[in-house]
Amino acid sequence: MTNPVPFRLNDANALRLLREIAADSARVVLLTHAKQRMRQRQITLAQVLDVMRKGRMAEPATVDIHGNWKLTVCGSSCGQEISVAGAIDMNDEPGKRVFVITVFGSD
């Protein structure tokens with residue numbers, strides 16, 4: 001049996017999948033680091049979800065060491081420019097959830 005080829009996404013499809021996942025907030029998992037940065041930078045979950053649902057790609061999507069698709073999206077929410085770095089889970093049930101790794105904004 002051959003090794004499976006990882007599912008490939010281009011930037012447009014990765015952004016479309018991220019928006020689909022973010023439409024259901026239960027599928028968005030905030031990692032501890034992201035929660036800390038949100039508190040530190042006074043960014044709300046609503047702002048994070050807004051950027052994930054309506055933002056634009058800040059850099060090309062890449063595959064991380066776990067086989068997940070990492071991408072960073074940015075956008076404006078409540079008058080603040082915010083960037084959200086996340087990873088689309090491609091392991092158990094591909095495209096079922098996204099892990100928010102970190103969040104940053106302009107001051």
# chains A, B, ... in the order shown; residues from 1 in each chain; ligands from 1
call {"tool": "select_by_dssp", "arguments": {"residues": "chain A", "states": "strand (DSSP E)", "output": "PyMOL selection string"}}
result
chain A and resi 28-30+56-63+69-77+80-88+98-105
call {"tool": "write_last_selection", "arguments": {"atoms": "N, CA, C and O atoms", "output": "short mmCIF file (atom, residue, chain, number, x, y, z; two decimals), in the first residue's frame"}}
result
data_model
loop_
_atom_site.label_atom_id
_atom_site.label_comp_id
_atom_site.auth_asym_id
_atom_site.auth_seq_id
_atom_site.Cartn_x
_atom_site.Cartn_y
_atom_site.Cartn_z
N VAL A 28 -14.29 26.46 15.89
CA VAL A 28 -13.08 27.29 16.05
C VAL A 28 -12.51 27.01 17.44
O VAL A 28 -13.18 27.22 18.45
N VAL A 29 -11.27 26.54 17.48
CA VAL A 29 -10.61 26.19 18.74
C VAL A 29 -9.52 27.22 19.01
O VAL A 29 -8.58 27.36 18.21
N LEU A 30 -9.64 27.94 20.12
CA LEU A 30 -8.63 28.92 20.51
C LEU A 30 -7.56 28.23 21.36
O LEU A 30 -7.87 27.69 22.42
N ARG A 56 -8.87 38.83 4.53
CA ARG A 56 -8.13 38.48 3.32
C ARG A 56 -6.83 37.78 3.73
O ARG A 56 -6.34 37.96 4.85
N MET A 57 -6.28 37.01 2.82
CA MET A 57 -5.03 36.30 3.08
C MET A 57 -3.90 37.30 3.28
O MET A 57 -3.75 38.22 2.49
N ALA A 58 -3.13 37.12 4.33
CA ALA A 58 -1.99 37.98 4.60
C ALA A 58 -0.70 37.39 4.05
O ALA A 58 0.25 38.11 3.77
N GLU A 59 -0.68 36.07 3.92
CA GLU A 59 0.48 35.36 3.38
C GLU A 59 0.00 34.02 2.83
O GLU A 59 -1.08 33.55 3.20
N PRO A 60 0.77 33.39 1.94
CA PRO A 60 0.32 32.12 1.35
C PRO A 60 0.12 31.02 2.40
O PRO A 60 0.84 30.97 3.39
N ALA A 61 -0.86 30.16 2.16
CA ALA A 61 -1.11 29.02 3.04
C ALA A 61 0.00 27.99 2.85
O ALA A 61 0.51 27.81 1.75
N THR A 62 0.38 27.35 3.97
CA THR A 62 1.44 26.33 3.93
C THR A 62 1.02 25.13 4.77
O THR A 62 0.16 25.25 5.65
N VAL A 63 1.66 24.01 4.54
CA VAL A 63 1.40 22.81 5.33
C VAL A 63 2.39 22.79 6.49
O VAL A 63 3.59 22.97 6.29
N TRP A 69 -3.12 22.79 7.38
CA TRP A 69 -2.88 23.97 6.56
C TRP A 69 -2.86 25.20 7.44
O TRP A 69 -3.85 25.53 8.08
N LYS A 70 -1.71 25.89 7.48
CA LYS A 70 -1.56 27.13 8.26
C LYS A 70 -1.81 28.32 7.35
O LYS A 70 -1.34 28.35 6.22
N LEU A 71 -2.55 29.29 7.87
CA LEU A 71 -2.76 30.51 7.12
C LEU A 71 -2.97 31.67 8.06
O LEU A 71 -3.36 31.49 9.21
N THR A 72 -2.67 32.85 7.56
CA THR A 72 -2.88 34.07 8.32
C THR A 72 -3.80 34.96 7.51
O THR A 72 -3.56 35.20 6.33
N VAL A 73 -4.87 35.40 8.16
CA VAL A 73 -5.82 36.32 7.51
C VAL A 73 -5.81 37.62 8.30
O VAL A 73 -5.53 37.64 9.50
N CYS A 74 -6.09 38.70 7.60
CA CYS A 74 -6.14 39.99 8.27
C CYS A 74 -7.37 40.75 7.78
O CYS A 74 -7.90 40.47 6.71
N GLY A 75 -7.80 41.67 8.59
CA GLY A 75 -8.97 42.46 8.26
C GLY A 75 -9.24 43.47 9.35
O GLY A 75 -8.59 43.47 10.40
N SER A 76 -10.20 44.32 9.10
CA SER A 76 -10.56 45.36 10.04
C SER A 76 -11.84 44.94 10.78
O SER A 76 -12.78 44.45 10.16
N SER A 77 -11.81 45.12 12.09
CA SER A 77 -12.98 44.83 12.91
C SER A 77 -13.03 45.85 14.03
O SER A 77 -12.04 46.05 14.75
N GLN A 80 -10.23 48.37 14.19
CA GLN A 80 -8.88 47.89 14.50
C GLN A 80 -8.45 46.89 13.44
O GLN A 80 -9.21 45.99 13.07
N GLU A 81 -7.23 47.03 12.92
CA GLU A 81 -6.68 46.07 11.97
C GLU A 81 -6.17 44.87 12.76
O GLU A 81 -5.34 45.02 13.67
N ILE A 82 -6.68 43.68 12.43
CA ILE A 82 -6.38 42.47 13.20
C ILE A 82 -5.89 41.38 12.25
O ILE A 82 -6.42 41.24 11.14
N SER A 83 -4.91 40.60 12.70
CA SER A 83 -4.44 39.43 11.97
C SER A 83 -4.66 38.19 12.84
O SER A 83 -4.44 38.24 14.05
N VAL A 84 -5.10 37.13 12.21
CA VAL A 84 -5.37 35.87 12.90
C VAL A 84 -4.58 34.77 12.20
O VAL A 84 -4.75 34.56 11.00
N ALA A 85 -3.71 34.10 12.94
CA ALA A 85 -2.96 32.96 12.41
C ALA A 85 -3.63 31.69 12.90
O ALA A 85 -3.88 31.55 14.10
N GLY A 86 -3.91 30.80 11.99
CA GLY A 86 -4.59 29.56 12.37
C GLY A 86 -4.15 28.38 11.53
O GLY A 86 -3.39 28.54 10.57
N ALA A 87 -4.61 27.22 11.92
CA ALA A 87 -4.31 25.98 11.21
C ALA A 87 -5.60 25.20 11.01
O ALA A 87 -6.31 24.93 11.99
N ILE A 88 -5.89 24.86 9.77
CA ILE A 88 -7.07 24.04 9.46
C ILE A 88 -6.70 22.59 9.73
O ILE A 88 -5.74 22.07 9.15
N VAL A 98 -10.79 24.58 12.93
CA VAL A 98 -9.58 25.39 12.78
C VAL A 98 -9.06 25.72 14.17
O VAL A 98 -9.83 26.00 15.09
N PHE A 99 -7.74 25.66 14.32
CA PHE A 99 -7.07 26.03 15.56
C PHE A 99 -6.53 27.45 15.39
O PHE A 99 -5.76 27.70 14.46
N VAL A 100 -6.93 28.36 16.27
CA VAL A 100 -6.39 29.71 16.24
C VAL A 100 -5.10 29.69 17.06
O VAL A 100 -5.12 29.40 18.25
N ILE A 101 -3.98 29.99 16.40
CA ILE A 101 -2.67 29.91 17.01
C ILE A 101 -2.31 31.21 17.74
O ILE A 101 -1.87 31.19 18.88
N THR A 102 -2.47 32.32 17.05
CA THR A 102 -2.20 33.62 17.65
C THR A 102 -3.02 34.70 16.98
O THR A 102 -3.57 34.50 15.89
N VAL A 103 -3.10 35.83 17.66
CA VAL A 103 -3.88 36.97 17.19
C VAL A 103 -3.06 38.22 17.47
O VAL A 103 -2.48 38.36 18.54
N PHE A 104 -2.97 39.10 16.49
CA PHE A 104 -2.28 40.36 16.72
C PHE A 104 -2.97 41.47 15.97
O PHE A 104 -3.73 41.23 15.03
N GLY A 105 -2.74 42.69 16.41
CA GLY A 105 -3.40 43.84 15.81
C GLY A 105 -2.50 45.05 15.81
O GLY A 105 -1.46 45.05 16.46
#
call {"tool": "select_by_dssp", "arguments": {"residues": "chain A", "states": "helix (DSSP H, G or I)", "output": "number ranges by chain"}}
result
A: 11-22, 25-27, 32-41, 45-54
call {"tool": "residues_around", "arguments": {"residues": "stretch 12-26 of chain A", "least_positions_apart": "5", "cutoff": "7 Å", "atoms": "only C-alpha atoms", "output": "PyMOL selection string"}}
result
chain A and resi 49+52-53+95-98
call {"tool": "write_last_selection", "arguments": {"atoms": "N, CA and C atoms", "output": "PDB file, in the first residue's frame"}}
result
ATOM      1  N   LEU A  49     -13.564  36.106  15.010  1.00  0.00           N
ATOM      2  CA  LEU A  49     -14.472  35.417  14.092  1.00  0.00           C
ATOM      3  C   LEU A  49     -14.803  36.293  12.885  1.00  0.00           C
ATOM      4  N   MET A  52     -11.908  36.161  10.534  1.00  0.00           N
ATOM      5  CA  MET A  52     -11.838  34.851   9.892  1.00  0.00           C
ATOM      6  C   MET A  52     -12.918  34.695   8.823  1.00  0.00           C
ATOM      7  N   ARG A  53     -14.071  35.285   9.035  1.00  0.00           N
ATOM      8  CA  ARG A  53     -15.186  35.155   8.096  1.00  0.00           C
ATOM      9  C   ARG A  53     -15.098  36.110   6.918  1.00  0.00           C
ATOM     10  N   GLY A  95     -10.829  19.417   7.482  1.00  0.00           N
ATOM     11  CA  GLY A  95     -11.642  20.606   7.301  1.00  0.00           C
ATOM     12  C   GLY A  95     -12.775  20.773   8.290  1.00  0.00           C
ATOM     13  N   LYS A  96     -12.778  20.000   9.378  1.00  0.00           N
ATOM     14  CA  LYS A  96     -13.872  20.093  10.344  1.00  0.00           C
ATOM     15  C   LYS A  96     -13.690  21.247  11.326  1.00  0.00           C
ATOM     16  N   ARG A  97     -12.422  21.599  11.659  1.00  0.00           N
ATOM     17  CA  ARG A  97     -12.199  22.663  12.626  1.00  0.00           C
ATOM     18  C   ARG A  97     -10.917  23.415  12.294  1.00  0.00           C
ATOM     19  N   VAL A  98     -10.789  24.575  12.929  1.00  0.00           N
ATOM     20  CA  VAL A  98      -9.580  25.389  12.777  1.00  0.00           C
ATOM     21  C   VAL A  98      -9.057  25.724  14.168  1.00  0.00           C
TER      22      VAL A  98
END
call {"tool": "closest_atom_pairs", "arguments": {"of": "stretch 25-79 of chain A", "to": "stretch 89-94 of chain A", "cutoff": "9 Å", "atoms": "only C-alpha atoms", "output": "CSV"}}
result
residue,atom,partner,partner_atom,distance
A:His66,CA,A:Asn91,CA,8.2
A:Gly67,CA,A:Met90,CA,6.4
A:Asn68,CA,A:Met90,CA,5.0
A:Trp69,CA,A:Asp89,CA,7.1
call {"tool": "closest_residue", "arguments": {"among": "A:Gly79, A:Thr32, A:Arg27, A:Val51", "to": "A:Ser106", "atoms": "only C-alpha atoms"}}
result
A:Gly79
call {"tool": "atom_distance", "arguments": {"atom1": "atom CA of A:Ile65", "atom2": "atom CA of A:Gln36"}}
result
23.6 Å
call {"tool": "atom_distance", "arguments": {"atom1": "atom CA of A:Thr44", "atom2": "atom CA of A:Asn10"}}
result
28.8 Å
